[in-house]
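The data block below is entry_7.cif; it holds mmCIF, C-alpha atoms.
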data_target
loop_
_atom_site.label_atom_id
_atom_site.label_comp_id
_atom_site.auth_asym_id
_atom_site.auth_seq_id
_atom_site.Cartn_x
_atom_site.Cartn_y
_atom_site.Cartn_z
CA MET A 1 -14.31 15.42 -23.46
CA ILE A 2 -13.56 12.09 -25.17
CA HIS A 3 -10.37 11.85 -23.14
CA LEU A 4 -12.31 12.43 -19.93
CA VAL A 5 -14.84 9.71 -20.80
CA ALA A 6 -12.04 7.26 -21.68
CA THR A 7 -10.29 7.97 -18.38
CA GLY A 8 -13.54 7.42 -16.51
CA PHE A 9 -14.05 4.07 -18.27
CA ALA A 10 -10.43 3.16 -17.47
CA TRP A 11 -10.82 3.81 -13.74
CA ALA A 12 -14.15 1.95 -13.64
CA CYS A 13 -12.62 -1.10 -15.37
CA LEU A 14 -9.51 -1.00 -13.17
CA ALA A 15 -11.59 -0.76 -9.98
CA GLY A 16 -13.75 -3.72 -11.09
CA GLY A 17 -10.66 -5.67 -12.09
CA ALA A 18 -9.00 -5.09 -8.71
CA PHE A 19 -12.19 -6.18 -6.94
CA PHE A 20 -12.53 -9.42 -8.93
CA LEU A 21 -8.80 -10.21 -8.63
CA VAL A 22 -8.94 -10.11 -4.83
CA VAL A 23 -12.35 -11.84 -4.61
CA GLY A 24 -11.19 -14.74 -6.79
CA ALA A 25 -7.99 -15.14 -4.76
CA VAL A 26 -9.98 -15.16 -1.49
CA GLY A 27 -12.19 -17.88 -3.02
CA LEU A 28 -9.09 -19.83 -4.01
CA LEU A 29 -7.90 -19.68 -0.41
CA ARG A 30 -11.18 -20.42 1.39
CA PHE A 31 -13.24 -22.87 -0.73
CA PRO A 32 -13.45 -26.41 0.68
CA ASP A 33 -12.09 -28.64 -2.12
CA PHE A 34 -10.13 -28.53 -5.35
CA PHE A 35 -13.01 -28.24 -7.84
CA THR A 36 -14.66 -25.38 -5.95
CA ARG A 37 -11.31 -23.62 -5.70
CA MET A 38 -11.15 -23.85 -9.48
CA HIS A 39 -14.26 -21.63 -9.56
CA GLY A 40 -12.46 -18.90 -7.59
CA ALA A 41 -9.44 -19.20 -9.85
CA GLY A 42 -11.74 -18.79 -12.87
CA ILE A 43 -13.07 -15.49 -11.53
CA THR A 44 -9.55 -14.07 -11.22
CA ASP A 45 -8.43 -15.52 -14.54
CA THR A 46 -11.28 -14.14 -16.65
CA LEU A 47 -12.97 -11.14 -15.03
CA GLY A 48 -10.07 -9.90 -12.88
CA VAL A 49 -7.33 -10.08 -15.49
CA GLY A 50 -9.69 -9.18 -18.36
CA LEU A 51 -11.16 -6.05 -16.77
CA THR A 52 -7.72 -4.89 -15.63
CA LEU A 53 -6.20 -5.23 -19.11
CA VAL A 54 -9.24 -3.53 -20.73
CA GLY A 55 -8.80 -0.69 -18.23
CA PHE A 56 -5.15 -0.36 -19.26
CA CYS A 57 -6.31 -0.28 -22.91
CA PHE A 58 -8.58 2.71 -22.16
CA LEU A 59 -5.69 4.34 -20.29
CA ALA A 60 -3.24 3.88 -23.18
CA GLY A 61 -5.53 5.29 -25.86
CA CYS A 62 -5.21 4.35 -29.53
CA SER A 63 -1.61 3.18 -29.79
CA MET A 64 0.72 0.20 -30.16
CA THR A 65 0.39 -0.39 -26.41
CA THR A 66 -3.33 -1.09 -26.79
CA LEU A 67 -2.61 -3.59 -29.56
CA LYS A 68 -0.12 -5.43 -27.34
CA LEU A 69 -2.58 -5.44 -24.44
CA LEU A 70 -5.30 -6.87 -26.69
CA ILE A 71 -2.89 -9.58 -27.91
CA ILE A 72 -2.13 -10.53 -24.29
CA LEU A 73 -5.87 -10.51 -23.50
CA VAL A 74 -6.81 -12.76 -26.44
CA PHE A 75 -3.94 -15.10 -25.63
CA LEU A 76 -5.02 -15.40 -21.99
CA TRP A 77 -8.62 -15.99 -23.10
CA PHE A 78 -7.50 -18.96 -25.20
CA THR A 79 -4.91 -20.48 -22.87
CA ASN A 80 -6.60 -20.24 -19.46
CA PRO A 81 -9.61 -22.44 -20.34
CA VAL A 82 -7.26 -24.98 -21.94
CA ALA A 83 -5.05 -25.08 -18.82
CA THR A 84 -8.06 -25.31 -16.50
CA HIS A 85 -9.62 -28.09 -18.59
CA ALA A 86 -6.37 -30.09 -18.54
CA LEU A 87 -6.07 -29.51 -14.79
CA ALA A 88 -9.62 -30.73 -14.07
CA LYS A 89 -9.17 -33.78 -16.31
CA ALA A 90 -5.86 -34.70 -14.66
CA ALA A 91 -7.39 -34.30 -11.18
CA LEU A 92 -10.44 -36.44 -12.06
CA ARG A 93 -8.29 -39.20 -13.57
CA ASP A 94 -6.12 -39.12 -10.45
CA GLY A 95 -9.22 -39.92 -8.35
CA GLN A 96 -10.14 -36.54 -6.87
CA VAL A 97 -13.85 -36.59 -5.99
CA PRO A 98 -15.83 -33.31 -6.18
CA VAL A 99 -17.54 -32.41 -2.92
CA THR A 100 -21.34 -32.22 -3.33
CA ALA A 101 -24.02 -30.17 -1.56
CA ASP A 102 -25.21 -33.14 0.53
CA GLU A 103 -21.76 -33.88 1.91
CA GLU A 104 -21.24 -30.20 2.63
CA GLU A 105 -24.49 -30.01 4.66
CA ARG A 106 -23.76 -33.24 6.51
CA GLU A 107 -20.25 -32.12 7.42
CA GLY A 108 -21.50 -28.68 8.49
CA GLY A 109 -24.31 -30.21 10.60
CA GLY A 110 -21.97 -32.74 12.19
CA SER A 111 -19.44 -30.13 13.21
CA SER A 112 -22.09 -27.82 14.68
CA GLU A 113 -23.65 -30.65 16.73
CA SER A 114 -20.38 -31.90 18.16
CA MET B 115 -5.45 4.53 -8.80
CA LEU B 116 -2.49 2.71 -10.37
CA PRO B 117 -0.85 2.10 -6.98
CA VAL B 118 -4.19 0.79 -5.71
CA ILE B 119 -4.47 -1.81 -8.44
CA THR B 120 -0.82 -2.75 -7.98
CA VAL B 121 -1.48 -3.41 -4.29
CA ALA B 122 -4.61 -5.43 -5.23
CA ILE B 123 -2.53 -7.60 -7.56
CA LEU B 124 0.11 -8.05 -4.85
CA VAL B 125 -2.59 -9.16 -2.38
CA THR B 126 -3.86 -11.61 -5.01
CA MET B 127 -0.36 -13.02 -5.45
CA LEU B 128 0.08 -13.39 -1.68
CA LEU B 129 -3.21 -15.32 -1.36
CA CYS B 130 -2.18 -17.55 -4.30
CA LEU B 131 1.15 -18.26 -2.60
CA ALA B 132 -0.68 -19.11 0.64
CA ARG B 133 -2.83 -21.65 -1.23
CA ALA B 134 0.25 -23.02 -3.01
CA VAL B 135 1.98 -23.58 0.35
CA LEU B 136 -1.13 -24.92 2.15
CA GLY B 137 -2.70 -26.84 -0.74
CA PRO B 138 -3.42 -30.42 0.33
CA THR B 139 -3.16 -31.91 -3.17
CA VAL B 140 -0.63 -31.22 -5.89
CA TYR B 141 -3.46 -29.98 -8.16
CA ASP B 142 -4.27 -27.17 -5.71
CA ARG B 143 -0.66 -26.10 -5.94
CA ILE B 144 -0.65 -26.21 -9.76
CA LEU B 145 -3.88 -24.15 -9.86
CA ALA B 146 -2.44 -21.59 -7.44
CA ILE B 147 0.82 -21.28 -9.38
CA ASN B 148 -1.08 -20.92 -12.67
CA LEU B 149 -3.09 -18.09 -11.12
CA PHE B 150 0.12 -16.59 -9.71
CA GLY B 151 1.51 -16.49 -13.26
CA SER B 152 -1.60 -14.72 -14.57
CA ALA B 153 -1.28 -12.16 -11.76
CA THR B 154 2.39 -11.71 -12.71
CA VAL B 155 1.38 -10.85 -16.29
CA VAL B 156 -0.99 -8.16 -15.00
CA ILE B 157 1.51 -6.77 -12.50
CA ILE B 158 4.19 -6.42 -15.20
CA ALA B 159 1.69 -4.39 -17.25
CA ALA B 160 0.70 -2.33 -14.17
CA LEU B 161 4.33 -1.60 -13.27
CA GLY B 162 4.97 -0.51 -16.85
CA PHE B 163 2.11 2.00 -16.66
CA LEU B 164 3.19 3.08 -13.16
CA ASP B 165 6.70 3.73 -14.46
CA GLY B 166 5.53 5.38 -17.69
CA ARG B 167 7.22 2.69 -19.76
CA PRO B 168 4.54 0.47 -21.35
CA HIS B 169 7.19 -1.33 -23.43
CA TRP B 170 7.33 -3.93 -20.68
CA LEU B 171 4.17 -5.42 -22.19
CA ASP B 172 6.39 -7.55 -24.45
CA ILE B 173 7.80 -9.20 -21.33
CA ALA B 174 4.25 -9.71 -20.05
CA LEU B 175 3.30 -11.46 -23.31
CA VAL B 176 6.32 -13.78 -23.10
CA TYR B 177 5.49 -14.48 -19.45
CA ALA B 178 1.92 -15.47 -20.42
CA LEU B 179 3.34 -17.94 -22.98
CA ILE B 180 5.79 -19.44 -20.47
CA ASN B 181 3.07 -19.72 -17.83
CA PHE B 182 0.76 -21.69 -20.14
CA VAL B 183 3.49 -24.03 -21.40
CA SER B 184 4.83 -24.72 -17.89
CA THR B 185 1.34 -25.51 -16.54
CA ILE B 186 0.65 -27.97 -19.36
CA ALA B 187 4.12 -29.52 -18.94
CA VAL B 188 3.69 -30.06 -15.18
CA LEU B 189 0.22 -31.54 -15.76
CA LYS B 190 1.59 -33.94 -18.38
CA PHE B 191 4.29 -34.94 -15.93
CA MET B 192 1.73 -35.53 -13.16
CA GLU B 193 -0.63 -37.49 -15.42
CA ASN B 194 1.93 -39.77 -17.07
CA GLY B 195 4.67 -39.97 -14.49
CA GLY B 196 7.17 -38.72 -17.06
CA MET B 197 7.66 -36.40 -20.00
CA GLY B 198 7.93 -39.13 -22.66
CA ALA B 199 5.17 -41.22 -24.19
CA GLY B 200 2.03 -41.25 -22.03
CA ARG B 201 0.66 -44.19 -20.10
CA ARG B 202 -2.25 -44.36 -22.54
CA ASP B 203 0.17 -44.66 -25.49
CA ARG B 204 2.03 -47.51 -23.80
CA ASP B 205 -1.25 -49.27 -22.97
CA ALA B 206 -2.38 -48.93 -26.57
CA GLN B 207 0.80 -50.66 -27.74
CA GLY B 208 0.05 -53.64 -25.49
CA GLU B 209 2.97 -53.20 -23.09
CA PRO B 210 2.27 -53.97 -19.43
#
Would you give me this structure, written as structure tokens?
Amino acid sequence: MIHLVATGFAWACLAGGAFFLVVGAVGLLRFPDFFTRMHGAGITDTLGVGLTLVGFCFLAGCSMTTLKLLIILVFLWFTNPVATHALAKAALRDGQVPVTADEEEREGGGSSES
Amino acid sequence: MLPVITVAILVTMLLCLARAVLGPTVYDRILAINLFGSATVVIIAALGFLDGRPHWLDIALVYALINFVSTIAVLKFMENGGMGAGRRDRDAQGEP
């Protein structure tokens, strides 16, 4: 019974993880500028990878494998925000300007009129 | 289910590679390659489970470490124009 419940949780987490992995990557490909693309990358980095690894934890049961998976998960949770923060700071100091809602609307309106 | 998630990770990696090739700025490319590395960590774990050999997780852990260090190293290179003392350090010492 417990095993069945754990397997069900594992499949649910893996399905959610697969969904968020692909959604974040599509956002990375389709968003208009660098800082919005960072949002899509964040989805994949946290929810996609996190849910997938938690699903593998449920699949592995109580063993050394689960411990290793949790170590990887905690490590990714600490390093990904640091890397993203450094990336955003480097891009801002290099002169990248975030696109705002007004510009987006103006560009969209201009292209539809022309 | 395991093959499904493996294919999902492969699709993610393909989209990341597309952004890394297309990316107009170098920061887009760094972001895409960082994400590609994270997807690699997950796919190593998934392949281990698919193969029934979860011992590959050690390799995944090492890959996560390398991915983080390489991203920070490339960013430091981009920001300072070199791997030595940063531009800010040189400015603080009064050099032109």
message = Tell me as a VMD selection string which residues belonging to chain A come within 10 Å of chain B, counting only C-alpha atoms.
response = chain A and resid 11 14 to 30 33 to 35 37 to 38 41 to 42 44 to 46 48 to 50 52 to 53 56 59 to 60 64 to 66 68 to 69 71 to 73 75 to 76 79 to 80 82 to 84 86 to 91 93 to 94 96
ask   = If you measure from atom CA of Pro98 of chain A to atom CA of His39 of chain A, what distance in Å do you get, rounded to one decimal?
value =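 Distance between the two atoms: 12.3 Å.
Closest approach to Gly8 of chain A from the set A:Ile43, A:Leu67, A:Phe58, A:Val74 is made by A:Phe58, with distances taken over only C-alpha atoms.
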request  = Would you work out the distance separating atom CA of Ala12 of chain A from atom CA of Leu164 of chain B, expressed in Å to one decimal?
outcome  =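 Spanning atom CA of Ala12 of chain A to atom CA of Leu164 of chain B is a straight-line distance of 17.4 Å.
Between atom CA of Gly162 of chain B and atom CA of Val54 of chain A the separation is 15.0 Å.
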task = Name the closest residue to Leu47 of chain A among the candidates A:Val5, A:Asp102, A:Trp77, A:Ala10; distances are taken between atoms, counting all atoms listed in the file.
result =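 With all atoms listed in the file as the atom set, the closest residue is A:Trp77.
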Would you place a box with edges along x, y and z of the file around all atoms of segment 53-66 of chain A listed there, add 3 Å to each of its six sides, and report the centre and edge lengths in Å to one decimal, as lines of an AutoDock Vina configuration file?
center_x = -4.3
center_y = 0.0
center_z = -24.2
size_x = 16.0
size_y = 16.5
size_z = 17.9
